[in-house]
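**Q** Let me begin by handing over the structure; questions about it come next.
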Amino acid sequence: MAGPDVSLWQALLIVVCALAVLVLLIAERSSRPTARAAGKLVASTAFVLLAISFDAMASDYGLGILVALCLGWLGDALLLSARQPLFLGGLAAFLVSHLCFATAFATRAIDGWVLTISAVASLVLGWCVLRWLRPHLAPAFRWPVVLYVVAILVMLTTAVSLSAAIGRWEPALGALVFAASDLAVARDRFVCPGFVNSVWGLPAYYFAQVVMAVSIVAVA
């Protein structure tokens, strides 16, 4: 199915987001914290403004997506620091963001059979991820990470079942790519730190948030 129409202003916001992500990657590579903060916050602000431009507050679905994106903005700001309390705060912000996305998806039609199948698939995926991460987690992170993975699984399950019910690709694609970007964050924080995680994780994350914002007009 064709995607929704995008105005010049909305296209500009998408371009700004993409350019800010490029700045962010360059800053990550060259260890420039000020440019890194600017690139990240400009890119995050762009996807929030994109959601607002789609009249997010006109529907329960749009409002849920907007709140989730704003929590993502907060999480991005908190994760600018590597300090454990701020990282846990960022984790909490993204956990609630995932649940807000799931709540928004649940305000629309849900395909029951697909919900069941995707729930089983998500549980298997979640088990694999936790098994991968568990040896690398300090005690303070174990339960927060488990709760975070559960929130991701709820988001994935509702997104896929919504897309199946309404025949729109945006919710499922956004959720799947968002979940994939979280793997990059987990790998960088707990398993194997390195710029390679940012190379694919950051573009995936911002692409997912833009798709979520676009889904407001696609699903409404």
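Starting from 1 in every chain, residues are counted up; chains themselves are A, B, ... following the order of the structure tokens, and ligands are numbered from 1 as listed.
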Residues at most 8 Å from region 184-195 of chain A, counting only C-alpha atoms, excluding those fewer than 6 positions away in the same chain, as number ranges by chain?

**A** A: 28-29, 133, 136-137, 201

**Q** How close does each residue of region 26-53 of chain A get to region 69-90 of chain A, giving the shortest atom pair and distance in Å to one decimal for every residue with an atom at most 9 Å away, counting only C-alpha atoms, sorted by chain and residue number, as JSON lines?

**A**
{"residue": "A:Pro33", "atom": "CA", "partner": "A:Leu80", "partner_atom": "CA", "distance": 8.5}
{"residue": "A:Arg36", "atom": "CA", "partner": "A:Leu80", "partner_atom": "CA", "distance": 8.2}
{"residue": "A:Ala37", "atom": "CA", "partner": "A:Leu80", "partner_atom": "CA", "distance": 6.6}
{"residue": "A:Lys40", "atom": "CA", "partner": "A:Asp76", "partner_atom": "CA", "distance": 7.1}
{"residue": "A:Leu41", "atom": "CA", "partner": "A:Ala77", "partner_atom": "CA", "distance": 6.9}
{"residue": "A:Ser44", "atom": "CA", "partner": "A:Trp73", "partner_atom": "CA", "distance": 5.5}
{"residue": "A:Thr45", "atom": "CA", "partner": "A:Trp73", "partner_atom": "CA", "distance": 6.9}
{"residue": "A:Phe47", "atom": "CA", "partner": "A:Leu69", "partner_atom": "CA", "distance": 7.4}
{"residue": "A:Val48", "atom": "CA", "partner": "A:Leu69", "partner_atom": "CA", "distance": 6.0}
{"residue": "A:Ala51", "atom": "CA", "partner": "A:Leu69", "partner_atom": "CA", "distance": 8.1}

**Q** Leaving out region 102-117 of chain A and any residue of its chain fewer than 4 positions from it, which residues lie within 9 Å of it when counting only C-alpha atoms, given as a PyMOL selection string?

**A** chain A and resi 60-65+68+97-98+121-122+151-152+154-166+171+219-220

**Q** Residues of region 39-187 of chain A classed as alpha helix (DSSP H) by DSSP on the backbone are to be reported as number ranges by chain.

**A** A: 39-53, 60-78, 84-106, 112-133, 139-166, 170-186

**Q** Need to verify the contact set: Ala46 (chain A), 12 Å, only C-alpha atoms, exclusion of same-chain residues closer than 5 positions in sequence. Can you return it as a tab-separated table (two decimals) with all heavy atoms, in the first residue's frame?

**A**
chain	number	residue	atom	x	y	z
A	9	TRP	N	6.99	20.92	4.44
A	9	TRP	CA	7.46	21.16	5.81
A	9	TRP	C	7.82	19.84	6.48
A	9	TRP	O	8.86	19.72	7.13
A	9	TRP	CB	6.39	21.91	6.58
A	9	TRP	CG	6.52	21.88	8.08
A	9	TRP	CD1	5.65	21.35	8.97
A	9	TRP	CD2	7.59	22.42	8.87
A	9	TRP	NE1	6.09	21.51	10.26
A	9	TRP	CE2	7.28	22.16	10.23
A	9	TRP	CE3	8.78	23.08	8.58
A	9	TRP	CZ2	8.12	22.55	11.28
A	9	TRP	CZ3	9.62	23.47	9.63
A	9	TRP	CH2	9.28	23.21	10.95
A	10	GLN	N	6.99	18.83	6.30
A	10	GLN	CA	7.25	17.53	6.91
A	10	GLN	C	8.47	16.86	6.28
A	10	GLN	O	9.29	16.25	6.97
A	10	GLN	CB	6.01	16.65	6.79
A	10	GLN	CG	4.87	17.13	7.67
A	10	GLN	CD	3.50	16.68	7.21
A	10	GLN	OE1	3.35	16.18	6.09
A	10	GLN	NE2	2.49	16.87	8.06
A	11	ALA	N	8.61	17.00	4.97
A	11	ALA	CA	9.79	16.46	4.29
A	11	ALA	C	11.06	17.14	4.80
A	11	ALA	O	12.10	16.50	4.99
A	11	ALA	CB	9.66	16.65	2.78
A	12	LEU	N	10.97	18.46	5.06
A	12	LEU	CA	12.11	19.19	5.58
A	12	LEU	C	12.50	18.68	6.97
A	12	LEU	O	13.69	18.54	7.27
A	12	LEU	CB	11.78	20.69	5.64
A	12	LEU	CG	12.88	21.61	6.18
A	12	LEU	CD1	14.13	21.51	5.30
A	12	LEU	CD2	12.39	23.06	6.25
A	13	LEU	N	11.52	18.39	7.80
A	13	LEU	CA	11.81	17.85	9.13
A	13	LEU	C	12.51	16.50	9.04
A	13	LEU	O	13.43	16.21	9.80
A	13	LEU	CB	10.52	17.71	9.95
A	13	LEU	CG	9.93	19.01	10.49
A	13	LEU	CD1	8.55	18.75	11.11
A	13	LEU	CD2	10.86	19.63	11.53
A	14	ILE	N	12.10	15.68	8.08
A	14	ILE	CA	12.75	14.39	7.88
A	14	ILE	C	14.19	14.57	7.43
A	14	ILE	O	15.10	13.88	7.90
A	14	ILE	CB	11.95	13.54	6.87
A	14	ILE	CG1	10.58	13.19	7.45
A	14	ILE	CG2	12.72	12.27	6.51
A	14	ILE	CD1	9.64	12.54	6.45
A	15	VAL	N	14.42	15.53	6.54
A	15	VAL	CA	15.78	15.81	6.07
A	15	VAL	C	16.64	16.34	7.21
A	15	VAL	O	17.80	15.93	7.38
A	15	VAL	CB	15.75	16.82	4.90
A	15	VAL	CG1	17.16	17.30	4.58
A	15	VAL	CG2	15.11	16.19	3.67
A	16	VAL	N	16.08	17.23	8.03
A	16	VAL	CA	16.82	17.77	9.18
A	16	VAL	C	17.20	16.64	10.13
A	16	VAL	O	18.33	16.57	10.64
A	16	VAL	CB	15.97	18.83	9.92
A	16	VAL	CG1	16.59	19.15	11.29
A	16	VAL	CG2	15.85	20.09	9.08
A	17	CYS	N	16.26	15.73	10.37
A	17	CYS	CA	16.54	14.59	11.23
A	17	CYS	C	17.69	13.76	10.67
A	17	CYS	O	18.63	13.40	11.39
A	17	CYS	CB	15.29	13.74	11.39
A	17	CYS	SG	15.46	12.36	12.55
A	18	ALA	N	17.66	13.48	9.37
A	18	ALA	CA	18.70	12.67	8.73
A	18	ALA	C	20.07	13.36	8.81
A	18	ALA	O	21.09	12.72	9.10
A	18	ALA	CB	18.32	12.39	7.29
A	19	LEU	N	20.09	14.66	8.53
A	19	LEU	CA	21.36	15.40	8.59
A	19	LEU	C	21.91	15.46	10.01
A	19	LEU	O	23.12	15.36	10.23
A	19	LEU	CB	21.17	16.81	8.03
A	19	LEU	CG	20.90	16.90	6.53
A	19	LEU	CD1	20.61	18.34	6.12
A	19	LEU	CD2	22.07	16.34	5.73
A	20	ALA	N	21.01	15.61	10.99
A	20	ALA	CA	21.44	15.65	12.39
A	20	ALA	C	22.02	14.30	12.81
A	20	ALA	O	22.98	14.24	13.58
A	20	ALA	CB	20.27	16.03	13.29
A	21	VAL	N	21.45	13.22	12.29
A	21	VAL	CA	22.00	11.89	12.58
A	21	VAL	C	23.40	11.75	11.99
A	21	VAL	O	24.30	11.18	12.61
A	21	VAL	CB	21.06	10.78	12.05
A	21	VAL	CG1	21.72	9.41	12.17
A	21	VAL	CG2	19.74	10.80	12.81
A	39	GLY	N	23.69	17.12	17.73
A	39	GLY	CA	23.14	16.26	16.69
A	39	GLY	C	22.01	15.40	17.21
A	39	GLY	O	20.96	15.28	16.57
A	40	LYS	N	22.19	14.81	18.38
A	40	LYS	CA	21.17	13.93	18.93
A	40	LYS	C	19.90	14.69	19.26
A	40	LYS	O	18.79	14.24	18.92
A	40	LYS	CB	21.71	13.23	20.19
A	40	LYS	CG	20.69	12.34	20.88
A	40	LYS	CD	21.32	11.48	21.96
A	40	LYS	CE	21.92	10.23	21.36
A	40	LYS	NZ	22.19	9.18	22.39
A	41	LEU	N	20.01	15.83	19.92
A	41	LEU	CA	18.81	16.56	20.34
A	41	LEU	C	18.09	17.21	19.16
A	41	LEU	O	16.86	17.30	19.16
A	41	LEU	CB	19.18	17.60	21.40
A	41	LEU	CG	19.68	17.01	22.72
A	41	LEU	CD1	20.01	18.11	23.72
A	41	LEU	CD2	18.67	16.03	23.31
A	51	ALA	N	5.72	14.55	14.36
A	51	ALA	CA	4.47	14.00	14.89
A	51	ALA	C	3.44	15.10	15.11
A	51	ALA	O	2.26	14.94	14.77
A	51	ALA	CB	4.75	13.26	16.19
A	52	ILE	N	3.88	16.23	15.65
A	52	ILE	CA	2.95	17.35	15.88
A	52	ILE	C	2.40	17.86	14.56
A	52	ILE	O	1.21	18.21	14.45
A	52	ILE	CB	3.68	18.47	16.65
A	52	ILE	CG1	4.02	18.00	18.07
A	52	ILE	CG2	2.82	19.74	16.70
A	52	ILE	CD1	4.90	18.95	18.84
A	53	SER	N	3.24	17.87	13.52
A	53	SER	CA	2.81	18.38	12.21
A	53	SER	C	1.73	17.49	11.59
A	53	SER	O	0.97	17.92	10.74
A	53	SER	CB	4.00	18.49	11.25
A	53	SER	OG	4.41	17.21	10.78
A	69	LEU	N	7.07	9.46	21.64
A	69	LEU	CA	8.20	10.14	21.01
A	69	LEU	C	8.83	11.18	21.95
A	69	LEU	O	10.06	11.34	21.97
A	69	LEU	CB	7.75	10.81	19.71
A	69	LEU	CG	7.36	9.85	18.57
A	69	LEU	CD1	6.80	10.63	17.39
A	69	LEU	CD2	8.55	9.01	18.13
A	70	CYS	N	8.01	11.87	22.73
A	70	CYS	CA	8.55	12.83	23.70
A	70	CYS	C	9.37	12.11	24.78
A	70	CYS	O	10.42	12.61	25.21
A	70	CYS	CB	7.41	13.61	24.34
A	70	CYS	SG	6.64	14.83	23.25
A	72	GLY	N	10.95	9.38	24.20
A	72	GLY	CA	12.17	9.05	23.49
A	72	GLY	C	13.15	10.21	23.49
A	72	GLY	O	14.36	10.02	23.66
A	73	TRP	N	12.62	11.43	23.30
A	73	TRP	CA	13.47	12.63	23.36
A	73	TRP	C	14.14	12.72	24.72
A	73	TRP	O	15.34	12.98	24.83
A	73	TRP	CB	12.62	13.87	23.11
A	73	TRP	CG	13.40	15.14	22.94
A	73	TRP	CD1	13.70	15.76	21.76
A	73	TRP	CD2	13.97	15.95	23.98
A	73	TRP	NE1	14.44	16.91	22.00
A	73	TRP	CE2	14.62	17.05	23.34
A	73	TRP	CE3	14.01	15.88	25.36
A	73	TRP	CZ2	15.28	18.04	24.06
A	73	TRP	CZ3	14.69	16.85	26.09
A	73	TRP	CH2	15.31	17.93	25.43
A	206	TYR	N	16.53	6.38	14.61
A	206	TYR	CA	15.85	7.59	14.12
A	206	TYR	C	14.92	7.28	12.95
A	206	TYR	O	13.85	7.91	12.83
A	206	TYR	CB	16.89	8.66	13.76
A	206	TYR	CG	17.43	9.31	15.00
A	206	TYR	CD1	18.67	8.97	15.53
A	206	TYR	CD2	16.67	10.26	15.70
A	206	TYR	CE1	19.14	9.54	16.70
A	206	TYR	CE2	17.14	10.83	16.86
A	206	TYR	CZ	18.38	10.47	17.37
A	206	TYR	OH	18.83	11.03	18.54
A	207	PHE	N	15.28	6.32	12.12
A	207	PHE	CA	14.37	5.89	11.07
A	207	PHE	C	13.07	5.36	11.69
A	207	PHE	O	11.96	5.69	11.23
A	207	PHE	CB	15.02	4.80	10.21
A	207	PHE	CG	14.10	4.19	9.19
A	207	PHE	CD1	13.82	4.84	8.00
A	207	PHE	CD2	13.50	2.96	9.43
A	207	PHE	CE1	12.96	4.28	7.06
A	207	PHE	CE2	12.65	2.38	8.50
A	207	PHE	CZ	12.37	3.05	7.32
A	209	GLN	N	11.74	6.11	14.59
A	209	GLN	CA	10.93	7.18	15.20
A	209	GLN	C	10.20	7.99	14.12
A	209	GLN	O	9.04	8.40	14.31
A	209	GLN	CB	11.81	8.11	16.04
A	209	GLN	CG	12.60	7.41	17.13
A	209	GLN	CD	11.76	6.46	17.96
A	209	GLN	OE1	10.85	6.86	18.68
A	209	GLN	NE2	12.09	5.18	17.88
A	210	VAL	N	10.86	8.22	12.99
A	210	VAL	CA	10.21	8.93	11.89
A	210	VAL	C	9.04	8.11	11.36
A	210	VAL	O	7.96	8.64	11.10
A	210	VAL	CB	11.24	9.23	10.76
A	210	VAL	CG1	10.51	9.68	9.48
A	210	VAL	CG2	12.21	10.31	11.21
A	213	ALA	N	6.17	8.42	13.68
A	213	ALA	CA	5.49	9.71	13.51
A	213	ALA	C	4.59	9.69	12.27
A	213	ALA	O	3.45	10.14	12.30
A	213	ALA	CB	6.51	10.83	13.42

**Q** Can you measure CA of Ala204 (chain A) to CA of Ser118 (chain A) for me? One decimal in Å is fine.

**A**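 Between CA of Ala204 (chain A) and CA of Ser118 (chain A) the gap works out to 21.4 Å.
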
**Q** Considering only C-alpha atoms, can you say which of A:Val145, A:Val211, A:Val129, A:Val217 comes closest to Ala180 (chain A)?

**A**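 Once distances to Ala180 (chain A) are computed over only C-alpha atoms, the minimum belongs to A:Val129.
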
**Q** In Å to one decimal, how far is CA of Ala172 (chain A) from CA of Phe141 (chain A)?

**A**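 Atom-to-atom, CA of Phe141 (chain A) to CA of Ala172 (chain A), that is 28.1 Å.
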